[in-house]
Protein chains: 2
Amino acid sequence: MQEYATPLRDMLFVLREVAPLDEVNQLPGCADVNLEMAEAILTEAGKFATEVLSPLNVVGDQKGAKCVDGVVTTAPGWRDAYSQFVSGGWNGLGGDAEHGGQGAPRLVSALVEEIWNGANMAFTLCPMLTHGAIEALELCGSPAQKKTYLPKLVSGEWAGTMLLTEPQAGSDLAAVRSRATPRGDGTYGVEGQKIFITYGEHDLTENIIHLVLARTPDAPPGVKGISLFVVPKFLVQADGSVGARNDIRCVSLEHKLGIHASPTAVLAMGDQGGAVGWLVGEENRGIEYMFIMMNAARYAVGLQGIGLSERAYQQALWYARERVQGSELGSKNRQGVPILRHPDVRRMLLLMKSQTEATRALASVTAAAIDTARCHPDAAQRAASQAFVELMIPIVKGWSTEASQEITSLGVQVHGGMGFVEETGAAQLFRDARITTIYEGTTGIQAADLMGRKVARDGGATIRRVMAEMSGVVAELEKAGSADLSSIAATLREAVAALEAAVQFVLTTFGTDVRRAAVGAGPFLMLFGTVAGGWQMARSALAAQRQIALGHGDGFYRAKIATARFYADHVLTRASSLSRATVSGAEGALAIEDDHF
Amino acid sequence: MQEYATPLRDMLFVLREVAPLDEVNQLPGCADVNLEMAEAILTEAGKFATEVLSPLNVVGDQKGAKCVDGVVTTAPGWRDAYSQFVSGGWNGLGGDAEHGGQGAPRLVSALVEEIWNGANMAFTLCPMLTHGAIEALELCGSPAQKKTYLPKLVSGEWAGTMLLTEPQAGSDLAAVRSRATPRGDGTYGVEGQKIFITYGEHDLTENIIHLVLARTPDAPPGVKGISLFVVPKFLVQADGSVGARNDIRCVSLEHKLGIHASPTAVLAMGDQGGAVGWLVGEENRGIEYMFIMMNAARYAVGLQGIGLSERAYQQALWYARERVQGSELGSKNRQGVPILRHPDVRRMLLLMKSQTEATRALASVTAAAIDTARCHPDAAQRAASQAFVELMIPIVKGWSTEASQEITSLGVQVHGGMGFVEETGAAQLFRDARITTIYEGTTGIQAADLMGRKVARDGGATIRRVMAEMSGVVAELEKAGSADLSSIAATLREAVAALEAAVQFVLTTFGTDVRRAAVGAGPFLMLFGTVAGGWQMARSALAAQRQIALGHGDGFYRAKIATARFYADHVLTRASSLSRATVSGAEGALAIEDDHF
């Protein structure tokens, strides 16, 4: 099995040409990390990923996390790796300087996070959840809460979680039943059972700060009666040190298809009198806060998909170079060749490579917009960037993770029979990837969010601004005077038209016949993702063409153009089918009677 | 978890309307099984599947087969189930009456085999491999070999295997190195190591009859120097009883992603002086024999895909009816509804249902042609049916199993977070399905077979005959005067045109630029499968329409039309994209330099 290697040159290409770090670097508060610094960070992160996290990936898969009498032990090597991660300052890379973070722009920290995920996604879930808790407390915690929790969460000495799901409340958080009763001293007694809690219990940190959705006694029903509480595993004493054990305990861990090393806990609160919790922000606004945090979490799951895709590609490519089988097609020479020479294997590898690059490029452009929305001095620019980010979140989450299903499955396929044998490692990536389209909102939830909140709600204004940019790229491609770029232009132009037809459908149907529109939500998400990926691949090809024109014409840039061409011919061409499924796919699904499925 | 239930009404619909058993029943030698008898067989098989095989599926997954010192023990309950399977006469259902089989037509035995696979695919691999060995011996065994082995293989008292793969010889059997040296008494000493041997060793039968590819001392290199040998685990004595242990032993079992209960063995021959083997057929014709047998084995793997797809659909549908989450979209009523009511869940379930039905219909039409090719009194009819069968084998194998990847993955997705938890059972189907696109020739191998041997070689004659039939169905649909059928007609007409463009490309390119053609082989296979599925779904819709016109207008027939309509809108529309990837997808894959992947 190959260890993960950072795709440094590809990442730097993105930072130079696709989502220019130079521009983000100009923003107030983003001056610290320039390209040179980013290269150093990516290189150092890559070392840690290859040497420490990557070798533990298979250990974690085989040994998993164990729960005995409520005590969770992570896989061998996990504690040591986490402690190195924290002492190396990696947990605080993107964190606010005020609480001890290093304030790197999201554009850079996102690539670093892709590296962690490529090396070991099950490990990376721990800091990812901590970042969610940090965001919640930064957003709506009291000054005292911030002071108590943020420095240790930012450093990674403590970990964070999010306790949303209950057996009857998965996608539908309105059904949350956990209760929080005021104890008269400003604290609440929190009771209830939460399931599917990622890193809900573990031995990596001295404390775990749980953020919990629960209802106060007189709360209204539904989503508007849910509040957010902070419930630490150990109560924090006045001097900041860890005190008494709180009444929140791990009942069991799930036996899962993948990410075995990430403990997915069932947590009981209140079995011994009630867990002590503190209200975060205002009462009954818990769901609202969660939705704001959700953007960050969903974006982070997109990075999981991209990291796994990259690793699956590396693994498959390595195997395709090593494995000799059959001879060169179309040649009289009967000598064995690496399977990389076989056209069908090249096709599979390029489906992997091109979609990995497309998802990375789009996530990076979105990250740059996150930085712009946060730091740009001009309010209109901030608002425009924020609208773009919100439009893109369901795509970065939904489309990148759906792509990772295809890519990790192709990774198994390239290995042939060896891919089905667990020792090869390809199967683990396939299993691990399977959760990414489910948690933090299934692809169906992302699709509903995209269609309803992000496209129909603003009358298509934001998506059409993006489509205008795409059409601008088509015009650039046409002017470039290259057969490859002209061909990409033609396919992209068609794809944008197919997207426009679907947007039209959404705008005319969503308000009048929402069930009809909703059958098309899934294909619409994949359509927009596929076309947005084509847009970014086209921009990459233009950049590569510029580099070649400047005399930097090595194989790397030629490969960028070939990969973009391949994406256009094999992936972007799916746009027409997806558009038709969006626009005219509702009849059968609405006609069939429930009893006759 | 739900136990498997035979989709009896769907299967009878196929036997009445799609692949009429009445027609097969007219053929000489196929008179025994009429519709009434078929219904009784499917019902009885269904009982055994639901009561015995289905509950063992999860046991097999969790316990797996174990190898200790070369002795393989199957999962708890396996031996008893196998013995019931044999005593119930199921192993010999499709077998030749001359050797104790019941001679059921393939059309019926294929549906029964789908049932076994749906209930427990890991179990079903054992009889599947035995059938492969039976076919090899029927095809080219000597009268003595037939007499020695066939009765006990047909009954299932003994099991069979196929020993093809070696570490360096997977898809490329020309690289086989195992040696067979004449011992001067008519037998051969066989030495070598074979890997990935399904049910290569187990405790279900008193003997295992291995069919082994090996080279004789003076054999020419490459595929033309490989012979086929029969190597029994225990030598058979003159009276037919089991004698001395042969020198073929299990070294280890693979640790696999799925089908844990199916022992995948590494087998060593000759560690203790050489395994005794007997030449089957003529020397150096082993690969040729294997290729003839391969058709049957590939067809059988297609049935695995279909069986898993059906079970994944049943499981997801059951969950979608049970799980209450969210309220009715577009309604003011905020009461919880089963997720089956949500448009996106309906879409996922119909992607599963429609593709399962499409693959079953095409496999059944192919099975009827297998029967016709074997039994029809007219040689021209036999030849035409045989050509159709050979064209369809890579589709039934490649397309049905690729569809099962999508379907079993959707099965996980419908379950949401519960799908990722192993106890639900959806994940096992997803893992088990993953091998079906790999063994008995990967999808890439099927695609090369389709493009080269089945389409280019006869100048497109056979595929165009099939396309003419498809166009006939388009005309029928147009005459039917129904909005659904007219819409299906329009989509099918377009899809046939997209297929014709791809066939044109294959015919003009395969002989002149085979590498360019070969990049399109994978999409071409999926294109032909998708369109052929649309053809069968359209025929199903026409049949349902006829039944409704006859006054049999219950929801079952309306659902058939709705399902066909859905398939046309969501699946058949993929034809245009696949056609473009076939025809113009080679540039990027051929341009990229090996070092710059």
# chains A, B, ... in the order shown; residues from 1 in each chain; ligands from 1
>>> residues_around(residues="Thr359 of chain B", least_positions_apart="2", cutoff="8 Å", atoms="only C-alpha atoms", output="PyMOL selection string")
chain B and resi 306+355-357+361-363+396+399-400+533
>>> write_last_selection(atoms="N, CA and C atoms", output="PDB file, in the first residue's frame")
ATOM      1  N   ILE B 306     -28.405  -8.624 -10.404  1.00  0.00           N
ATOM      2  CA  ILE B 306     -29.852  -8.405 -10.382  1.00  0.00           C
ATOM      3  C   ILE B 306     -30.438  -8.824  -9.031  1.00  0.00           C
ATOM      4  N   GLN B 355     -34.276   0.197 -12.679  1.00  0.00           N
ATOM      5  CA  GLN B 355     -33.089  -0.452 -13.232  1.00  0.00           C
ATOM      6  C   GLN B 355     -33.048  -1.937 -12.869  1.00  0.00           C
ATOM      7  N   THR B 356     -33.583  -2.291 -11.715  1.00  0.00           N
ATOM      8  CA  THR B 356     -33.666  -3.714 -11.376  1.00  0.00           C
ATOM      9  C   THR B 356     -34.581  -4.423 -12.376  1.00  0.00           C
ATOM     10  N   GLU B 357     -35.720  -3.823 -12.649  1.00  0.00           N
ATOM     11  CA  GLU B 357     -36.651  -4.446 -13.599  1.00  0.00           C
ATOM     12  C   GLU B 357     -36.070  -4.495 -15.008  1.00  0.00           C
ATOM     13  N   ALA B 361     -35.429  -7.912 -17.004  1.00  0.00           N
ATOM     14  CA  ALA B 361     -36.107  -8.151 -18.280  1.00  0.00           C
ATOM     15  C   ALA B 361     -35.092  -8.529 -19.357  1.00  0.00           C
ATOM     16  N   LEU B 362     -33.977  -7.796 -19.398  1.00  0.00           N
ATOM     17  CA  LEU B 362     -32.995  -8.095 -20.448  1.00  0.00           C
ATOM     18  C   LEU B 362     -32.342  -9.454 -20.221  1.00  0.00           C
ATOM     19  N   ALA B 363     -32.052  -9.779 -18.967  1.00  0.00           N
ATOM     20  CA  ALA B 363     -31.471 -11.096 -18.676  1.00  0.00           C
ATOM     21  C   ALA B 363     -32.445 -12.209 -19.052  1.00  0.00           C
ATOM     22  N   VAL B 396     -25.435  -8.315 -20.129  1.00  0.00           N
ATOM     23  CA  VAL B 396     -26.052  -8.893 -18.931  1.00  0.00           C
ATOM     24  C   VAL B 396     -25.022  -8.898 -17.803  1.00  0.00           C
ATOM     25  N   TRP B 399     -23.363  -4.581 -17.669  1.00  0.00           N
ATOM     26  CA  TRP B 399     -24.332  -3.522 -17.367  1.00  0.00           C
ATOM     27  C   TRP B 399     -25.154  -3.844 -16.115  1.00  0.00           C
ATOM     28  N   SER B 400     -25.594  -5.095 -15.970  1.00  0.00           N
ATOM     29  CA  SER B 400     -26.407  -5.434 -14.782  1.00  0.00           C
ATOM     30  C   SER B 400     -25.605  -5.253 -13.508  1.00  0.00           C
ATOM     31  N   GLY B 533     -32.039  -1.726 -21.966  1.00  0.00           N
ATOM     32  CA  GLY B 533     -32.955  -1.698 -20.814  1.00  0.00           C
ATOM     33  C   GLY B 533     -34.188  -0.856 -21.128  1.00  0.00           C
TER      34      GLY B 533
END
>>> residues_around(residues="Gln272 of chain A", least_positions_apart="6", cutoff="12 Å", atoms="only C-alpha atoms", output="short mmCIF file (atom, residue, chain, number, x, y, z; two decimals) with C-alpha atoms, in the first residue's frame")
data_model
loop_
_atom_site.label_atom_id
_atom_site.label_comp_id
_atom_site.auth_asym_id
_atom_site.auth_seq_id
_atom_site.Cartn_x
_atom_site.Cartn_y
_atom_site.Cartn_z
CA GLY A 189 -30.16 20.14 33.72
CA VAL A 190 -29.93 18.45 30.33
CA GLU A 191 -31.49 15.03 29.72
CA GLY A 192 -31.92 12.90 26.64
CA ARG A 245 -17.34 14.52 35.62
CA ASN A 246 -20.59 15.66 34.03
CA ASP A 247 -23.57 13.31 33.60
CA ILE A 248 -23.07 12.62 29.89
CA ARG A 249 -21.92 9.11 29.06
#
>>> atom_distance(atom1="atom CA of Ala383 of chain A", atom2="atom CA of Leu137 of chain A")
23.2 Å
>>> closest_residue(among="A:Ser577, A:Thr462, A:Gln547, A:Thr181", to="chain B", atoms="only C-alpha atoms")
A:Ser577
>>> interface_residues(of="chain B", to="chain A", cutoff="7 Å", atoms="only C-alpha atoms", output="ChimeraX atom specification")
/B:172,254-257,325-326,329-330,343-344,346-347,350,413,416-417,420-422,427,435,438-439,442,444,514-515,518-519,522,555-556,559,562-563,565-566,569-570,573-574,577,581,584-585,587-589,591-592,596
>>> write_last_selection(atoms="N, CA and C atoms", output="compact mmCIF listing (two decimals), in the first residue's frame")
# COMPACT_ATOMS: atom_id res chain seq x y z
N ASP B 172 -5.20 -11.41 -17.92
CA ASP B 172 -4.35 -11.93 -19.00
C ASP B 172 -3.98 -13.38 -18.73
N GLU B 254 -8.65 -15.16 1.33
CA GLU B 254 -8.54 -13.70 1.25
C GLU B 254 -9.46 -13.03 2.27
N HIS B 255 -9.01 -11.88 2.74
CA HIS B 255 -9.81 -11.03 3.63
C HIS B 255 -10.46 -9.97 2.73
N LYS B 256 -11.75 -10.14 2.48
CA LYS B 256 -12.38 -9.37 1.40
C LYS B 256 -13.36 -8.30 1.90
N LEU B 257 -13.65 -7.38 0.99
CA LEU B 257 -14.63 -6.32 1.24
C LEU B 257 -16.03 -6.88 1.47
N GLN B 325 -40.13 10.84 8.99
CA GLN B 325 -39.18 11.95 9.13
C GLN B 325 -39.65 13.09 8.24
N GLY B 326 -39.86 14.25 8.83
CA GLY B 326 -40.33 15.39 8.05
C GLY B 326 -41.81 15.25 7.71
N LEU B 329 -44.19 17.43 1.75
CA LEU B 329 -43.74 18.63 1.05
C LEU B 329 -44.92 19.23 0.29
N GLY B 330 -45.06 20.56 0.39
CA GLY B 330 -46.13 21.23 -0.34
C GLY B 330 -47.47 21.18 0.37
N PRO B 343 -40.28 13.42 -2.40
CA PRO B 343 -39.97 13.24 -3.82
C PRO B 343 -38.56 12.70 -4.08
N ASP B 344 -37.57 13.15 -3.32
CA ASP B 344 -36.21 12.69 -3.59
C ASP B 344 -36.05 11.22 -3.23
N ARG B 346 -38.54 9.01 -3.42
CA ARG B 346 -39.23 8.32 -4.51
C ARG B 346 -38.31 8.21 -5.72
N ARG B 347 -37.61 9.28 -6.00
CA ARG B 347 -36.67 9.26 -7.13
C ARG B 347 -35.62 8.17 -6.93
N LEU B 350 -37.15 4.74 -7.28
CA LEU B 350 -37.49 4.41 -8.67
C LEU B 350 -36.25 4.20 -9.52
N GLN B 413 -28.09 4.95 0.73
CA GLN B 413 -28.47 6.38 0.82
C GLN B 413 -29.89 6.56 1.33
N GLY B 416 -30.17 6.76 4.95
CA GLY B 416 -29.50 7.84 5.68
C GLY B 416 -28.42 7.27 6.58
N GLY B 417 -28.25 7.88 7.74
CA GLY B 417 -27.20 7.44 8.68
C GLY B 417 -27.28 5.97 9.01
N PHE B 420 -25.22 3.45 6.99
CA PHE B 420 -23.78 3.32 7.21
C PHE B 420 -23.50 2.40 8.40
N VAL B 421 -24.55 2.05 9.12
CA VAL B 421 -24.41 1.15 10.26
C VAL B 421 -24.62 -0.28 9.76
N GLU B 422 -23.68 -1.16 10.05
CA GLU B 422 -23.71 -2.49 9.44
C GLU B 422 -24.96 -3.29 9.80
N ALA B 427 -25.55 -2.00 3.98
CA ALA B 427 -24.12 -1.90 3.70
C ALA B 427 -23.55 -3.22 3.18
N ILE B 435 -17.88 -6.86 -5.93
CA ILE B 435 -17.07 -7.83 -6.67
C ILE B 435 -17.66 -8.13 -8.06
N ILE B 438 -16.09 -7.12 -11.20
CA ILE B 438 -14.67 -7.46 -11.29
C ILE B 438 -14.47 -8.91 -11.74
N TYR B 439 -15.08 -9.85 -11.04
CA TYR B 439 -14.72 -11.25 -11.38
C TYR B 439 -15.45 -11.76 -12.61
N THR B 442 -13.60 -8.21 -15.74
CA THR B 442 -14.04 -6.87 -15.30
C THR B 442 -14.94 -6.24 -16.36
N GLY B 444 -14.32 -3.66 -17.89
CA GLY B 444 -13.44 -3.30 -19.00
C GLY B 444 -13.24 -4.44 -19.97
N VAL B 514 -7.45 1.39 -33.04
CA VAL B 514 -8.09 0.61 -31.99
C VAL B 514 -7.95 1.26 -30.61
N ARG B 515 -6.85 1.99 -30.39
CA ARG B 515 -6.69 2.64 -29.08
C ARG B 515 -7.74 3.75 -28.90
N ALA B 518 -10.97 2.10 -28.19
CA ALA B 518 -11.01 1.41 -26.90
C ALA B 518 -11.28 2.36 -25.73
N VAL B 519 -10.91 3.63 -25.85
CA VAL B 519 -11.25 4.58 -24.78
C VAL B 519 -12.77 4.65 -24.62
N GLY B 522 -15.88 1.37 -22.59
CA GLY B 522 -16.68 1.37 -21.35
C GLY B 522 -17.98 2.13 -21.51
N GLY B 555 -53.32 -1.32 -9.93
CA GLY B 555 -52.15 -0.48 -9.71
C GLY B 555 -50.85 -1.11 -10.17
N PHE B 556 -50.80 -2.43 -10.19
CA PHE B 556 -49.58 -3.11 -10.63
C PHE B 556 -49.21 -2.70 -12.05
N ALA B 559 -48.30 0.94 -12.28
CA ALA B 559 -46.93 1.13 -11.76
C ALA B 559 -45.89 0.72 -12.80
N ALA B 562 -45.62 3.70 -15.04
CA ALA B 562 -44.93 4.79 -14.35
C ALA B 562 -43.43 4.50 -14.21
N THR B 563 -43.11 3.23 -13.94
CA THR B 563 -41.70 2.85 -13.77
C THR B 563 -40.95 2.96 -15.10
N ARG B 565 -41.80 4.94 -17.55
CA ARG B 565 -41.69 6.37 -17.83
C ARG B 565 -40.52 6.97 -17.05
N PHE B 566 -40.41 6.59 -15.79
CA PHE B 566 -39.31 7.09 -14.96
C PHE B 566 -37.97 6.67 -15.54
N ASP B 569 -37.07 8.81 -18.45
CA ASP B 569 -36.71 10.19 -18.13
C ASP B 569 -35.39 10.31 -17.36
N HIS B 570 -35.10 9.33 -16.51
CA HIS B 570 -33.92 9.46 -15.63
C HIS B 570 -32.74 8.60 -16.05
N THR B 573 -32.22 8.77 -20.68
CA THR B 573 -31.68 10.07 -21.12
C THR B 573 -30.16 10.13 -20.99
N ARG B 574 -29.57 9.17 -20.25
CA ARG B 574 -28.11 9.15 -20.17
C ARG B 574 -27.47 8.76 -21.51
N SER B 577 -25.24 11.35 -23.40
CA SER B 577 -23.92 11.58 -22.78
C SER B 577 -22.99 10.41 -23.04
N ALA B 581 -19.41 10.37 -25.03
CA ALA B 581 -18.17 9.90 -24.41
C ALA B 581 -17.55 8.77 -25.24
N SER B 584 -16.42 10.71 -28.88
CA SER B 584 -15.42 11.79 -28.92
C SER B 584 -14.71 11.93 -27.58
N GLY B 585 -14.46 10.80 -26.93
CA GLY B 585 -13.85 10.88 -25.61
C GLY B 585 -12.37 10.52 -25.57
N GLU B 587 -9.53 12.00 -26.93
CA GLU B 587 -8.42 12.97 -27.01
C GLU B 587 -7.59 13.06 -25.73
N GLY B 588 -8.25 13.39 -24.65
CA GLY B 588 -7.53 13.60 -23.40
C GLY B 588 -6.78 12.36 -22.95
N ALA B 589 -7.45 11.20 -23.07
CA ALA B 589 -6.86 9.96 -22.55
C ALA B 589 -5.64 9.54 -23.35
N ALA B 591 -3.79 11.82 -25.17
CA ALA B 591 -2.81 12.91 -25.20
C ALA B 591 -1.95 12.95 -23.95
N ILE B 592 -2.52 12.62 -22.82
CA ILE B 592 -1.77 12.77 -21.57
C ILE B 592 -0.59 11.80 -21.55
N HIS B 596 2.82 12.11 -16.62
CA HIS B 596 2.11 13.29 -16.11
C HIS B 596 0.70 12.99 -15.67
>>> residues_around(residues="Ala136 of chain B", least_positions_apart="2", cutoff="9 Å", atoms="only C-alpha atoms", output="PDB file with C-alpha atoms, in the first residue's frame")
ATOM      1  CA  HIS B 131     -22.400 -25.409 -12.727  1.00  0.00           C
ATOM      2  CA  GLY B 132     -19.315 -24.013 -14.426  1.00  0.00           C
ATOM      3  CA  ALA B 133     -17.467 -27.281 -13.834  1.00  0.00           C
ATOM      4  CA  ILE B 134     -20.454 -29.269 -15.089  1.00  0.00           C
ATOM      5  CA  GLU B 138     -20.264 -31.754 -20.524  1.00  0.00           C
ATOM      6  CA  LEU B 139     -18.573 -29.754 -23.220  1.00  0.00           C
ATOM      7  CA  CYS B 140     -15.271 -31.533 -23.506  1.00  0.00           C
ATOM      8  CA  GLY B 141     -14.957 -34.271 -20.886  1.00  0.00           C
ATOM      9  CA  LEU B 211     -10.855 -27.625 -13.213  1.00  0.00           C
ATOM     10  CA  VAL B 280      -9.950 -32.550 -20.299  1.00  0.00           C
ATOM     11  CA  TYR B 289     -12.916 -24.268 -23.641  1.00  0.00           C
ATOM     12  CA  MET B 290     -12.832 -21.687 -20.903  1.00  0.00           C
ATOM     13  CA  ILE B 292     -17.146 -21.184 -24.139  1.00  0.00           C
ATOM     14  CA  MET B 293     -17.877 -21.849 -20.460  1.00  0.00           C
TER      15      MET B 293
END
>>> residues_around(residues="segment 236-239 of chain A", least_positions_apart="4", cutoff="12 Å", atoms="only C-alpha atoms", output="PyMOL selection string")
chain A and resi 144-145+147-149+152+158+206-209+230-232+243-246+276-278
>>> write_last_selection(atoms="N, CA and C atoms", output="short mmCIF file (atom, residue, chain, number, x, y, z; two decimals), in the first residue's frame")
data_model
loop_
_atom_site.label_atom_id
_atom_site.label_comp_id
_atom_site.auth_asym_id
_atom_site.auth_seq_id
_atom_site.Cartn_x
_atom_site.Cartn_y
_atom_site.Cartn_z
N ALA A 144 -17.81 35.02 28.75
CA ALA A 144 -17.28 34.05 29.71
C ALA A 144 -17.09 32.68 29.06
N GLN A 145 -18.08 32.27 28.26
CA GLN A 145 -17.97 30.97 27.57
C GLN A 145 -16.77 30.97 26.63
N LYS A 147 -14.08 32.73 26.85
CA LYS A 147 -12.84 32.70 27.64
C LYS A 147 -12.58 31.30 28.21
N THR A 148 -13.66 30.65 28.63
CA THR A 148 -13.51 29.33 29.25
C THR A 148 -13.09 28.27 28.23
N TYR A 149 -13.72 28.30 27.08
CA TYR A 149 -13.56 27.16 26.16
C TYR A 149 -12.65 27.41 24.96
N LYS A 152 -8.59 26.55 24.65
CA LYS A 152 -8.22 25.12 24.65
C LYS A 152 -8.81 24.37 23.47
N TRP A 158 -8.51 20.52 24.14
CA TRP A 158 -9.84 19.96 24.32
C TRP A 158 -10.44 19.75 22.93
N GLU A 206 -8.12 15.89 27.28
CA GLU A 206 -8.51 15.81 28.69
C GLU A 206 -9.96 16.24 28.92
N ASN A 207 -10.54 16.95 27.95
CA ASN A 207 -11.95 17.32 28.09
C ASN A 207 -12.60 17.31 26.70
N ILE A 208 -13.93 17.14 26.69
CA ILE A 208 -14.70 17.20 25.45
C ILE A 208 -15.85 18.17 25.68
N ILE A 209 -15.95 19.16 24.80
CA ILE A 209 -16.96 20.19 24.96
C ILE A 209 -18.10 19.89 24.00
N VAL A 230 -24.06 24.32 25.96
CA VAL A 230 -22.72 23.75 26.04
C VAL A 230 -22.69 22.84 27.27
N VAL A 231 -22.29 21.60 27.03
CA VAL A 231 -22.28 20.58 28.08
C VAL A 231 -20.89 19.93 28.08
N PRO A 232 -19.99 20.39 28.94
CA PRO A 232 -18.64 19.80 28.92
C PRO A 232 -18.63 18.41 29.57
N GLY A 243 -12.69 19.86 36.26
CA GLY A 243 -13.23 19.46 37.54
C GLY A 243 -14.04 18.19 37.48
N ALA A 244 -15.25 18.24 38.04
CA ALA A 244 -16.07 17.03 38.19
C ALA A 244 -16.57 16.50 36.85
N ARG A 245 -16.79 15.20 36.81
CA ARG A 245 -17.34 14.52 35.62
C ARG A 245 -18.80 14.91 35.49
N ASN A 246 -19.21 15.29 34.30
CA ASN A 246 -20.59 15.66 34.03
C ASN A 246 -21.38 14.39 33.70
N VAL A 276 -25.06 18.95 33.54
CA VAL A 276 -25.09 20.40 33.71
C VAL A 276 -24.72 21.06 32.38
N GLY A 277 -25.60 21.96 31.93
CA GLY A 277 -25.35 22.66 30.68
C GLY A 277 -25.57 24.14 30.81
N TRP A 278 -25.00 24.90 29.90
CA TRP A 278 -25.16 26.35 29.87
C TRP A 278 -25.76 26.74 28.53
#
>>> closest_residue(among="B:Val496, B:Ala320, B:Leu527, B:Leu93", to="Leu107 of chain B", atoms="only C-alpha atoms")
B:Leu93
>>> atom_distance(atom1="atom CA of Pro182 of chain B", atom2="atom CA of Lys224 of chain B")
18.4 Å
>>> residues_around(residues="Ala549 of chain B", least_positions_apart="6", cutoff="12 Å", atoms="only C-alpha atoms", output="PyMOL selection string")
chain B and resi 480-482+542-543+557-558
>>> residues_around(residues="segment 375-380 of chain A", least_positions_apart="5", cutoff="7 Å", atoms="only C-alpha atoms", output="NGL selection string")
:A and (27-29)
>>> write_last_selection(atoms="C-alpha atoms", output="short mmCIF file (atom, residue, chain, number, x, y, z; two decimals), in the first residue's frame")
data_model
loop_
_atom_site.label_atom_id
_atom_site.label_comp_id
_atom_site.auth_asym_id
_atom_site.auth_seq_id
_atom_site.Cartn_x
_atom_site.Cartn_y
_atom_site.Cartn_z
CA LEU A 27 -7.40 41.53 1.97
CA PRO A 28 -7.17 43.17 5.37
CA GLY A 29 -6.32 40.55 7.97
#
>>> closest_residue(among="A:Thr436, A:Met11, A:Lys397, A:Ala387", to="Val466 of chain A", atoms="only C-alpha atoms")
A:Ala387
